[in-house]
>>> print(open('query-v1.txt').read())   # compact mmCIF, C-alpha atoms
# COMPACT_ATOMS: atom_id res chain seq x y z
CA PRO A 1 -0.03 5.05 -54.55
CA PRO A 2 -3.40 4.11 -53.00
CA LEU A 3 -4.01 0.41 -52.44
CA SER A 4 -5.70 -1.48 -55.30
CA ALA A 5 -6.62 -5.09 -54.47
CA HIS A 6 -8.22 -7.55 -56.89
CA TYR A 7 -9.72 -10.94 -56.05
CA PRO A 8 -10.21 -13.66 -58.72
CA VAL A 9 -13.90 -13.92 -59.56
CA ALA A 10 -15.50 -17.31 -60.21
CA ALA A 11 -16.52 -18.05 -63.79
CA GLY A 12 -20.02 -16.81 -64.51
CA SER A 13 -20.01 -14.39 -61.58
CA LEU A 14 -20.18 -10.62 -61.82
CA THR A 15 -17.34 -8.44 -60.59
CA ALA A 16 -18.01 -5.87 -57.88
CA HIS A 17 -15.86 -2.98 -56.67
CA LEU A 18 -15.50 -0.90 -53.53
CA GLN A 19 -13.75 2.42 -53.92
CA LEU A 20 -12.94 4.65 -50.96
CA ARG A 21 -12.95 8.39 -51.39
CA SER A 22 -9.36 8.36 -50.15
CA GLY A 23 -8.38 6.45 -53.30
CA GLU A 24 -8.14 2.76 -52.32
CA THR A 25 -10.05 0.21 -54.38
CA PHE A 26 -11.05 -3.41 -53.71
CA SER A 27 -12.44 -5.71 -56.39
CA GLY A 28 -14.13 -9.07 -55.85
CA GLY A 29 -17.20 -11.09 -56.68
CA SER A 30 -20.73 -9.70 -56.60
CA PHE A 31 -23.35 -11.71 -54.72
CA GLY A 32 -25.92 -8.97 -54.19
CA ALA A 33 -27.94 -6.70 -56.44
CA PRO A 34 -26.16 -5.49 -59.62
CA THR A 35 -26.43 -1.84 -58.67
CA SER A 36 -24.29 1.09 -57.53
CA THR A 37 -24.40 3.01 -54.27
CA VAL A 38 -22.47 5.49 -52.12
CA GLY A 39 -22.35 5.47 -48.33
CA GLU A 40 -20.23 5.82 -45.22
CA THR A 41 -17.90 2.80 -45.00
CA VAL A 42 -17.84 1.36 -41.49
CA PHE A 43 -16.98 -2.00 -39.96
CA THR A 44 -18.54 -4.33 -37.40
CA THR A 45 -16.70 -6.92 -35.32
CA SER A 46 -19.79 -9.07 -34.71
CA LEU A 47 -19.16 -12.80 -35.05
CA VAL A 48 -22.81 -13.60 -35.79
CA GLY A 49 -26.02 -11.69 -36.37
CA TYR A 50 -25.75 -10.32 -39.90
CA PRO A 51 -29.56 -10.35 -40.40
CA GLU A 52 -29.95 -8.22 -37.28
CA SER A 53 -27.09 -5.87 -38.16
CA MET A 54 -28.24 -5.33 -41.73
CA THR A 55 -31.80 -4.47 -40.64
CA ASP A 56 -30.71 -2.21 -37.76
CA PRO A 57 -31.84 1.36 -38.64
CA SER A 58 -28.67 2.69 -36.99
CA TYR A 59 -26.78 1.44 -40.09
CA ARG A 60 -28.92 3.47 -42.49
CA GLY A 61 -26.77 5.15 -45.14
CA GLN A 62 -23.73 2.97 -44.44
CA LEU A 63 -21.63 0.40 -46.28
CA LEU A 64 -21.11 -2.36 -43.74
CA VAL A 65 -17.82 -4.27 -43.61
CA PHE A 66 -17.89 -7.53 -41.65
CA THR A 67 -14.59 -8.39 -39.97
CA GLN A 68 -15.77 -11.96 -39.36
CA PRO A 69 -14.28 -13.73 -42.43
CA LEU A 70 -17.13 -16.17 -43.21
CA ILE A 71 -20.53 -14.61 -43.76
CA GLY A 72 -23.73 -16.22 -45.03
CA ASN A 73 -23.19 -19.76 -43.79
CA TYR A 74 -26.52 -19.91 -41.91
CA GLY A 75 -28.60 -18.16 -44.55
CA VAL A 76 -31.46 -15.79 -43.78
CA PRO A 77 -34.44 -16.68 -41.54
CA GLY A 78 -38.11 -16.25 -42.39
CA ARG A 79 -40.34 -13.35 -41.44
CA ALA A 80 -42.09 -14.96 -38.48
CA ARG A 81 -43.59 -12.52 -36.00
CA ASP A 82 -43.86 -12.66 -32.22
CA ALA A 83 -46.83 -12.06 -29.93
CA PHE A 84 -46.39 -8.28 -30.29
CA GLY A 85 -46.42 -8.36 -34.11
CA LEU A 86 -42.66 -7.75 -34.40
CA LEU A 87 -40.36 -9.68 -36.73
CA ARG A 88 -38.55 -12.25 -34.59
CA HIS A 89 -35.24 -12.35 -36.46
CA PHE A 90 -34.85 -8.81 -37.83
CA GLU A 91 -34.55 -5.35 -36.27
CA SER A 92 -36.82 -3.62 -38.80
CA GLU A 93 -38.93 -4.41 -41.86
CA LYS A 94 -36.11 -4.15 -44.43
CA ILE A 95 -32.36 -3.98 -44.96
CA GLN A 96 -31.16 -0.57 -43.77
CA CYS A 97 -27.49 -0.47 -44.82
CA ARG A 98 -26.68 0.48 -48.41
CA GLY A 99 -24.24 -2.35 -49.14
CA ILE A 100 -22.15 -5.06 -47.49
CA ILE A 101 -18.51 -6.09 -47.87
CA VAL A 102 -17.28 -9.51 -46.73
CA GLY A 103 -14.11 -11.58 -46.88
CA ASP A 104 -15.65 -14.92 -47.84
CA TYR A 105 -19.32 -15.34 -48.72
CA ALA A 106 -20.71 -18.83 -48.05
CA SER A 107 -22.92 -19.56 -51.07
CA LYS A 108 -24.17 -22.80 -49.51
CA TYR A 109 -26.02 -22.20 -46.26
CA SER A 110 -27.27 -24.62 -43.64
CA HIS A 111 -29.65 -23.78 -40.81
CA TRP A 112 -33.00 -25.19 -39.73
CA ASN A 113 -34.54 -21.72 -39.66
CA ALA A 114 -33.22 -20.42 -43.01
CA VAL A 115 -35.55 -19.80 -45.93
CA GLU A 116 -33.15 -18.16 -48.39
CA SER A 117 -29.49 -17.30 -48.90
CA LEU A 118 -27.88 -14.00 -48.03
CA SER A 119 -27.34 -13.47 -51.76
CA GLN A 120 -31.03 -13.98 -52.55
CA TRP A 121 -32.04 -11.59 -49.78
CA CYS A 122 -29.65 -8.85 -50.94
CA GLN A 123 -30.75 -9.21 -54.55
CA ARG A 124 -34.43 -9.13 -53.62
CA GLU A 125 -33.97 -5.94 -51.59
CA GLY A 126 -31.65 -4.21 -54.08
CA ILE A 127 -28.53 -4.22 -51.89
CA PRO A 128 -25.08 -4.62 -53.53
CA ALA A 129 -22.70 -7.08 -51.87
CA ILE A 130 -19.07 -7.93 -52.56
CA THR A 131 -16.99 -10.96 -51.51
CA GLY A 132 -13.27 -11.62 -51.74
CA VAL A 133 -12.25 -8.36 -50.10
CA ASP A 134 -9.26 -8.39 -47.77
CA THR A 135 -11.33 -7.03 -44.92
CA ARG A 136 -8.27 -6.95 -42.63
CA ALA A 137 -6.53 -4.50 -44.95
CA LEU A 138 -9.74 -2.52 -45.38
CA VAL A 139 -10.32 -2.28 -41.62
CA HIS A 140 -6.71 -1.16 -41.10
CA ILE A 141 -7.41 1.72 -43.49
CA LEU A 142 -10.68 2.65 -41.77
CA ARG A 143 -9.03 2.28 -38.37
CA GLY A 144 -6.33 4.69 -39.42
CA GLN A 145 -8.39 7.40 -41.06
CA GLY A 146 -11.80 6.86 -39.51
CA SER A 147 -15.11 6.26 -41.24
CA THR A 148 -14.75 7.06 -44.94
CA LEU A 149 -17.15 7.55 -47.83
CA GLY A 150 -17.16 4.61 -50.21
CA ALA A 151 -18.72 3.77 -53.56
CA MET A 152 -19.81 0.30 -54.68
CA ASN A 153 -20.51 -0.69 -58.27
CA VAL A 154 -20.87 -3.85 -60.32
CA GLY A 155 -19.07 -4.12 -63.65
CA ALA A 156 -15.75 -4.78 -65.32
CA THR A 157 -14.02 -1.82 -63.65
CA ALA A 158 -14.49 0.43 -60.65
CA SER A 159 -16.23 3.74 -61.20
CA LYS A 160 -13.82 6.61 -61.76
CA SER A 161 -13.57 8.75 -58.66
CA ASP A 162 -14.39 11.99 -60.48
CA ALA A 163 -17.55 10.35 -61.86
CA VAL A 164 -18.82 9.33 -58.42
CA GLU A 165 -21.27 11.65 -56.68
CA TRP A 166 -19.70 11.59 -53.21
CA VAL A 167 -22.71 12.43 -51.07
CA ASP A 168 -22.28 12.08 -47.32
CA PRO A 169 -25.50 10.49 -45.97
CA ASN A 170 -24.98 12.25 -42.64
CA VAL A 171 -25.87 15.63 -44.17
CA ASP A 172 -29.47 14.38 -44.32
CA ASN A 173 -31.84 13.87 -41.43
CA LEU A 174 -31.56 10.08 -41.37
CA VAL A 175 -33.63 9.92 -38.20
CA ALA A 176 -36.62 11.37 -40.06
CA GLN A 177 -36.15 8.73 -42.76
CA ALA A 178 -35.96 5.85 -40.28
CA SER A 179 -38.74 6.96 -37.91
CA THR A 180 -42.36 5.86 -37.98
CA ASP A 181 -44.84 8.30 -39.55
CA THR A 182 -47.72 7.45 -37.23
CA VAL A 183 -48.26 6.49 -33.59
CA ARG A 184 -48.27 2.71 -33.08
CA VAL A 185 -49.26 0.95 -29.85
CA PHE A 186 -47.71 -2.35 -28.75
CA ASN A 187 -48.97 -4.51 -25.87
CA PRO A 188 -52.02 -2.26 -25.28
CA ASP A 189 -52.91 -4.07 -22.02
CA GLY A 190 -49.56 -3.30 -20.36
CA ASP A 191 -49.62 -1.97 -16.80
CA VAL A 192 -47.29 1.01 -17.39
CA HIS A 193 -47.38 3.35 -20.36
CA VAL A 194 -44.06 4.19 -22.05
CA ALA A 195 -43.67 6.73 -24.85
CA LEU A 196 -40.98 5.42 -27.20
CA ILE A 197 -39.64 8.20 -29.42
CA ASP A 198 -38.68 6.46 -32.65
CA CYS A 199 -35.39 7.79 -33.97
CA GLY A 200 -34.77 4.48 -35.78
CA VAL A 201 -35.67 1.98 -33.08
CA LYS A 202 -34.57 -1.65 -33.11
CA TYR A 203 -37.46 -4.08 -32.77
CA ASN A 204 -35.80 -5.77 -29.82
CA ILE A 205 -36.12 -2.58 -27.78
CA ILE A 206 -39.88 -2.58 -28.31
CA ARG A 207 -40.00 -6.31 -27.56
CA SER A 208 -37.97 -5.96 -24.36
CA LEU A 209 -40.22 -3.20 -23.01
CA CYS A 210 -43.36 -5.19 -23.86
CA GLU A 211 -41.99 -8.34 -22.24
CA GLN A 212 -41.50 -6.36 -19.02
CA GLY A 213 -45.21 -5.53 -19.04
CA ALA A 214 -45.17 -2.06 -20.59
CA ARG A 215 -47.71 -0.64 -22.97
CA VAL A 216 -45.52 1.00 -25.61
CA SER A 217 -46.65 3.95 -27.71
CA LEU A 218 -44.17 4.27 -30.58
CA VAL A 219 -44.25 7.90 -31.71
CA PRO A 220 -42.51 9.77 -34.56
CA TRP A 221 -39.19 11.50 -33.86
CA ASN A 222 -40.86 14.95 -33.93
CA HIS A 223 -44.05 14.02 -32.06
CA ASP A 224 -45.56 16.51 -29.59
CA ILE A 225 -44.61 14.65 -26.43
CA VAL A 226 -44.99 17.70 -24.18
CA GLY A 227 -48.70 17.95 -24.92
CA GLU A 228 -49.24 14.37 -23.74
CA LEU A 229 -46.84 14.07 -20.79
CA GLY A 230 -49.63 13.30 -18.33
CA SER A 231 -50.49 10.04 -20.06
CA PHE A 232 -46.99 8.54 -19.91
CA ASP A 233 -45.27 6.77 -17.00
CA GLY A 234 -41.92 7.16 -18.74
CA ILE A 235 -40.24 8.37 -21.93
CA PHE A 236 -37.71 6.31 -23.88
CA ILE A 237 -35.69 7.79 -26.75
CA SER A 238 -34.36 5.16 -29.13
CA ASN A 239 -31.20 4.55 -31.11
CA GLY A 240 -30.97 5.90 -34.65
CA PRO A 241 -28.73 6.81 -37.59
CA GLY A 242 -26.86 9.94 -38.54
CA SER A 243 -26.27 13.15 -36.63
CA PRO A 244 -28.39 14.14 -33.61
CA THR A 245 -28.00 17.80 -34.52
CA HIS A 246 -30.67 17.40 -37.22
CA CYS A 247 -33.28 16.51 -34.59
CA THR A 248 -33.99 20.04 -33.42
CA GLU A 249 -37.70 19.33 -32.80
CA THR A 250 -36.93 16.31 -30.61
CA ILE A 251 -34.34 18.31 -28.66
CA GLU A 252 -36.81 21.10 -28.03
CA GLN A 253 -39.50 18.64 -26.87
CA LEU A 254 -37.06 17.07 -24.41
CA ARG A 255 -35.89 20.48 -23.17
CA GLN A 256 -39.48 21.41 -22.32
CA ALA A 257 -40.11 18.00 -20.74
CA TYR A 258 -37.09 18.40 -18.44
CA ALA A 259 -38.69 21.45 -16.88
CA VAL A 260 -42.01 19.84 -15.91
CA TYR A 261 -41.84 16.04 -16.19
CA GLN A 262 -41.11 14.22 -12.92
CA ARG A 263 -41.03 10.66 -14.25
CA PRO A 264 -38.18 8.66 -15.85
CA ILE A 265 -36.64 9.70 -19.17
CA PHE A 266 -34.18 7.24 -20.73
CA GLY A 267 -32.14 7.55 -23.90
CA ILE A 268 -30.00 4.94 -25.62
CA CYS A 269 -27.41 5.66 -28.33
CA MET A 270 -28.96 8.45 -30.42
CA GLY A 271 -31.46 9.02 -27.60
CA ASN A 272 -28.66 9.54 -25.11
CA GLN A 273 -27.07 12.16 -27.36
CA LEU A 274 -30.39 13.95 -27.81
CA MET A 275 -30.84 14.09 -24.05
CA GLY A 276 -27.41 15.69 -23.74
CA LEU A 277 -28.17 18.28 -26.41
CA ALA A 278 -31.48 19.08 -24.70
CA ALA A 279 -29.57 19.64 -21.46
CA GLY A 280 -27.35 22.22 -23.17
CA LEU A 281 -24.35 20.07 -24.02
CA ASN A 282 -22.64 19.79 -27.39
CA ALA A 283 -22.24 16.68 -29.58
CA TYR A 284 -19.58 15.94 -32.15
CA LYS A 285 -18.82 12.96 -34.37
CA LEU A 286 -15.97 10.69 -33.34
CA ARG A 287 -13.62 9.34 -36.02
CA PHE A 288 -14.57 5.80 -35.08
CA GLY A 289 -17.76 4.06 -34.03
CA ASN A 290 -17.82 0.75 -32.17
CA ARG A 291 -20.30 -1.49 -33.96
CA GLY A 292 -19.35 -4.73 -32.21
CA HIS A 293 -21.68 -7.03 -30.32
CA ASN A 294 -18.99 -8.29 -27.98
CA GLN A 295 -18.52 -5.64 -25.32
CA PRO A 296 -18.38 -7.23 -21.85
CA ALA A 297 -20.89 -6.06 -19.26
CA VAL A 298 -21.48 -6.86 -15.60
CA ASP A 299 -24.91 -7.98 -14.39
CA LEU A 300 -25.24 -5.93 -11.23
CA THR A 301 -27.85 -8.30 -9.80
CA THR A 302 -25.52 -11.32 -9.91
CA GLY A 303 -22.04 -9.81 -10.20
CA LYS A 304 -21.38 -12.01 -13.22
CA CYS A 305 -19.98 -10.89 -16.55
>>> encode(input="query-v1.txt", output="structure tokens")
Amino acid sequence: PPLSAHYPVAAGSLTAHLQLRSGETFSGGSFGAPTSTVGETVFTTSLVGYPESMTDPSYRGQLLVFTQPLIGNYGVPGRARDAFGLLRHFESEKIQCRGIIVGDYASKYSHWNAVESLSQWCQREGIPAITGVDTRALVHILRGQGSTLGAMNVGATASKSDAVEWVDPNVDNLVAQASTDTVRVFNPDGDVHVALIDCGVKYNIIRSLCEQGARVSLVPWNHDIVGELGSFDGIFISNGPGSPTHCTETIEQLRQAYAVYQRPIFGICMGNQLMGLAAGLNAYKLRFGNRGHNQPAVDLTTGKC
């Protein structure tokens, strides 16, 4: 029979449940919003950085499992902004994932920069969160069958599978949901002008370009780039959630740009896939996605890892 794991819940605490569409259930304590949600269950191997991960638009529509056992011990930082008007400690203006699952939530936090607990943040933003889950067992399941739809609810028992509306978030155009609606300019006095196509951009991408001296025009995912090519020194296509196949307008804009634009075009994550589709290649979803922050890289200027 499918795995069913229950964790003792502290007196006075609500019980939360995670149910996978494949039948496994995990029950534990609720420390987020007392609400229900459905999303794609995925895991991240990051050791730190839960505020950044949770606000990363690439996680939109997903239930995020943290493999690091202890989560919440340094709380949540304030909403200070940098010289470019970007939040210093978050990758967007709000939590983007639909729920979080952790092994051991630290209810008492300690950090000089914290202003609230992870629990308070989740409750304020309406995000369910569950602690006491055997995340090792859960990750083994996800590692074996790939990303799986999951349902979270708060209450005495898990929702019955036939009562859950199993809606795959990837059938929607998540890029359109995550993208800006209007053109926004950052570092207007920059010496080069970069068009940043917002498919769900992380704030640190904007910050990094601005710090290198660029004037950044953040444009919607379906913006008419071709009509303005002459004003840009380069085009950057951002990361983003969901399937690139929904972004037909972006793909067509890039296809036209390839034919006439003689300056750099760079895509990262979702942007890289969109560039491939515009070049005539195909894209398909892998069973697994690597959401870790610990991939080694070599600095080609120094030769160091």
>>> closest_residue(input="query-v1.txt", among="A:His193, A:His89, A:His223, A:Lys94", to="Gly49 of chain A", atoms="all atoms listed in the file")
A:His89
>>> closest_residue(input="query-v1.txt", among="A:Asn187, A:Asn113, A:Ser58, A:Ser30", to="Cys269 of chain A", atoms="all atoms listed in the file")
A:Ser58
>>> residues_around(input="query-v1.txt", residues="segment 67-83 of chain A", least_positions_apart="3", cutoff="6 Å", atoms="only C-alpha atoms", output="PyMOL selection string")
chain A and resi 45+47+86-88+103-106+109-111+113-118
>>> write_last_selection(input="query-v1.txt", atoms="C-alpha atoms", output="tab-separated table (two decimals), in the frame of the given file")
chain	number	residue	atom	x	y	z
A	45	THR	CA	-16.70	-6.92	-35.32
A	47	LEU	CA	-19.16	-12.80	-35.05
A	86	LEU	CA	-42.66	-7.75	-34.40
A	87	LEU	CA	-40.36	-9.68	-36.73
A	88	ARG	CA	-38.55	-12.25	-34.59
A	103	GLY	CA	-14.11	-11.58	-46.88
A	104	ASP	CA	-15.65	-14.92	-47.84
A	105	TYR	CA	-19.32	-15.34	-48.72
A	106	ALA	CA	-20.71	-18.83	-48.05
A	109	TYR	CA	-26.02	-22.20	-46.26
A	110	SER	CA	-27.27	-24.62	-43.64
A	111	HIS	CA	-29.65	-23.78	-40.81
A	113	ASN	CA	-34.54	-21.72	-39.66
A	114	ALA	CA	-33.22	-20.42	-43.01
A	115	VAL	CA	-35.55	-19.80	-45.93
A	116	GLU	CA	-33.15	-18.16	-48.39
A	117	SER	CA	-29.49	-17.30	-48.90
A	118	LEU	CA	-27.88	-14.00	-48.03
>>> residues_around(input="query-v1.txt", residues="Ser36 of chain A", least_positions_apart="6", cutoff="8 Å", atoms="all atoms listed in the file", output="number ranges by chain")
A: 128, 151-154
>>> closest_residue(input="query-v1.txt", among="A:Asn204, A:Thr245, A:Gln273, A:Asn173", to="Phe90 of chain A", atoms="only C-alpha atoms")
A:Asn204
>>> atom_distance(input="query-v1.txt", atom1="atom CA of Val9 of chain A", atom2="atom CA of Val102 of chain A")
14.0 Å
>>> closest_residue(input="query-v1.txt", among="A:Glu24, A:Asp56, A:Glu252, A:Glu211", to="Phe186 of chain A", atoms="all atoms listed in the file")
A:Glu211
>>> residues_near_point(input="query-v1.txt", point="(-30.4, 19.1, -32.3)", cutoff="10 Å", atoms="all atoms listed in the file", output="PDB file with C-alpha atoms, in the coordinates of the input")
ATOM      1  CA  SER A 243     -26.270  13.150 -36.630  1.00  0.00           C
ATOM      2  CA  PRO A 244     -28.390  14.140 -33.610  1.00  0.00           C
ATOM      3  CA  THR A 245     -28.000  17.800 -34.520  1.00  0.00           C
ATOM      4  CA  HIS A 246     -30.670  17.400 -37.220  1.00  0.00           C
ATOM      5  CA  CYS A 247     -33.280  16.510 -34.590  1.00  0.00           C
ATOM      6  CA  THR A 248     -33.990  20.040 -33.420  1.00  0.00           C
ATOM      7  CA  GLU A 249     -37.700  19.330 -32.800  1.00  0.00           C
ATOM      8  CA  THR A 250     -36.930  16.310 -30.610  1.00  0.00           C
ATOM      9  CA  ILE A 251     -34.340  18.310 -28.660  1.00  0.00           C
ATOM     10  CA  GLU A 252     -36.810  21.100 -28.030  1.00  0.00           C
ATOM     11  CA  GLN A 273     -27.070  12.160 -27.360  1.00  0.00           C
ATOM     12  CA  LEU A 274     -30.390  13.950 -27.810  1.00  0.00           C
ATOM     13  CA  MET A 275     -30.840  14.090 -24.050  1.00  0.00           C
ATOM     14  CA  GLY A 276     -27.410  15.690 -23.740  1.00  0.00           C
ATOM     15  CA  LEU A 277     -28.170  18.280 -26.410  1.00  0.00           C
ATOM     16  CA  ALA A 278     -31.480  19.080 -24.700  1.00  0.00           C
ATOM     17  CA  ASN A 282     -22.640  19.790 -27.390  1.00  0.00           C
ATOM     18  CA  ALA A 283     -22.240  16.680 -29.580  1.00  0.00           C
TER      19      ALA A 283
END
>>> residues_around(input="query-v1.txt", residues="Leu209 of chain A", least_positions_apart="3", cutoff="12 Å", atoms="all atoms listed in the file", output="list in words")
Phe84, Phe186, Asn187, Gly190, Asp191, Val192, His193, Val194, Ala195, Leu196, Lys202, Tyr203, Asn204, Ile205, Ile206, Gln212, Gly213, Ala214, Arg215, Val216, Ser217, Leu218, Gly234, Ile235, Phe236 and Ser238 of chain A
>>> atom_distance(input="query-v1.txt", atom1="atom CA of Thr135 of chain A", atom2="atom CA of Arg21 of chain A")
16.8 Å
>>> atom_distance(input="query-v1.txt", atom1="atom CA of Glu91 of chain A", atom2="atom CA of Ser53 of chain A")
7.7 Å
>>> closest_residue(input="query-v1.txt", among="A:Pro264, A:Gly230, A:Gly146, A:Gly39", to="Arg60 of chain A", atoms="all atoms listed in the file")
A:Gly39
>>> closest_residue(input="query-v1.txt", among="A:Ser22, A:Thr41, A:Thr55, A:Thr180", to="Asp168 of chain A", atoms="only C-alpha atoms")
A:Thr41
>>> residues_near_point(input="query-v1.txt", point="(-43.5, 12.6, -42.0)", cutoff="12 Å", atoms="all atoms listed in the file", output="ChimeraX atom specification")
/A:173,175-183,219-223
>>> build_atoms(input="query-v1.txt", residues="segment 202-222 of chain A", atoms="N, CA, C and O atoms", output="short mmCIF file (atom, residue, chain, number, x, y, z; two decimals), in the frame of the given file")
data_model
loop_
_atom_site.label_atom_id
_atom_site.label_comp_id
_atom_site.auth_asym_id
_atom_site.auth_seq_id
_atom_site.Cartn_x
_atom_site.Cartn_y
_atom_site.Cartn_z
N LYS A 202 -34.70 -0.21 -32.85
CA LYS A 202 -34.57 -1.65 -33.11
C LYS A 202 -35.80 -2.36 -32.53
O LYS A 202 -36.26 -2.03 -31.44
N TYR A 203 -36.29 -3.36 -33.25
CA TYR A 203 -37.46 -4.08 -32.77
C TYR A 203 -37.25 -4.70 -31.39
O TYR A 203 -38.19 -4.82 -30.61
N ASN A 204 -36.01 -5.10 -31.09
CA ASN A 204 -35.80 -5.77 -29.82
C ASN A 204 -35.98 -4.83 -28.63
O ASN A 204 -36.27 -5.29 -27.51
N ILE A 205 -35.83 -3.53 -28.85
CA ILE A 205 -36.12 -2.58 -27.78
C ILE A 205 -37.61 -2.57 -27.46
O ILE A 205 -38.02 -2.62 -26.30
N ILE A 206 -38.43 -2.53 -28.52
CA ILE A 206 -39.88 -2.58 -28.31
C ILE A 206 -40.25 -3.89 -27.63
O ILE A 206 -41.02 -3.91 -26.65
N ARG A 207 -39.70 -4.99 -28.12
CA ARG A 207 -40.00 -6.31 -27.56
C ARG A 207 -39.62 -6.39 -26.08
O ARG A 207 -40.39 -6.89 -25.26
N SER A 208 -38.44 -5.88 -25.75
CA SER A 208 -37.97 -5.96 -24.36
C SER A 208 -38.88 -5.17 -23.42
O SER A 208 -39.18 -5.62 -22.31
N LEU A 209 -39.32 -4.00 -23.84
CA LEU A 209 -40.22 -3.20 -23.01
C LEU A 209 -41.56 -3.91 -22.84
O LEU A 209 -42.11 -3.96 -21.73
N CYS A 210 -42.08 -4.48 -23.92
CA CYS A 210 -43.36 -5.19 -23.86
C CYS A 210 -43.26 -6.42 -22.96
O CYS A 210 -44.19 -6.71 -22.18
N GLU A 211 -42.16 -7.13 -23.05
CA GLU A 211 -41.99 -8.34 -22.24
C GLU A 211 -41.91 -8.02 -20.74
O GLU A 211 -42.20 -8.88 -19.90
N GLN A 212 -41.54 -6.79 -20.42
CA GLN A 212 -41.50 -6.36 -19.02
C GLN A 212 -42.86 -5.82 -18.55
O GLN A 212 -42.98 -5.33 -17.43
N GLY A 213 -43.86 -5.92 -19.43
CA GLY A 213 -45.21 -5.53 -19.04
C GLY A 213 -45.63 -4.14 -19.42
O GLY A 213 -46.69 -3.66 -18.98
N ALA A 214 -44.84 -3.45 -20.23
CA ALA A 214 -45.17 -2.06 -20.59
C ALA A 214 -46.11 -2.01 -21.79
O ALA A 214 -46.03 -2.84 -22.70
N ARG A 215 -46.98 -1.05 -21.77
CA ARG A 215 -47.71 -0.64 -22.97
C ARG A 215 -46.82 0.38 -23.66
O ARG A 215 -46.43 1.39 -23.05
N VAL A 216 -46.47 0.15 -24.90
CA VAL A 216 -45.52 1.00 -25.61
C VAL A 216 -46.22 1.77 -26.72
O VAL A 216 -46.82 1.17 -27.62
N SER A 217 -46.16 3.08 -26.63
CA SER A 217 -46.65 3.95 -27.71
C SER A 217 -45.44 4.43 -28.51
O SER A 217 -44.66 5.26 -28.02
N LEU A 218 -45.27 3.87 -29.70
CA LEU A 218 -44.17 4.27 -30.58
C LEU A 218 -44.59 5.53 -31.32
O LEU A 218 -45.58 5.51 -32.06
N VAL A 219 -43.86 6.62 -31.13
CA VAL A 219 -44.25 7.90 -31.71
C VAL A 219 -43.15 8.41 -32.64
O VAL A 219 -41.98 8.07 -32.48
N PRO A 220 -43.52 9.22 -33.64
CA PRO A 220 -42.51 9.77 -34.56
C PRO A 220 -41.46 10.61 -33.82
O PRO A 220 -41.70 11.11 -32.72
N TRP A 221 -40.32 10.78 -34.46
CA TRP A 221 -39.19 11.50 -33.86
C TRP A 221 -39.55 12.93 -33.46
O TRP A 221 -39.00 13.48 -32.50
N ASN A 222 -40.51 13.55 -34.19
CA ASN A 222 -40.86 14.95 -33.93
C ASN A 222 -42.25 15.08 -33.32
O ASN A 222 -42.90 16.11 -33.43
#
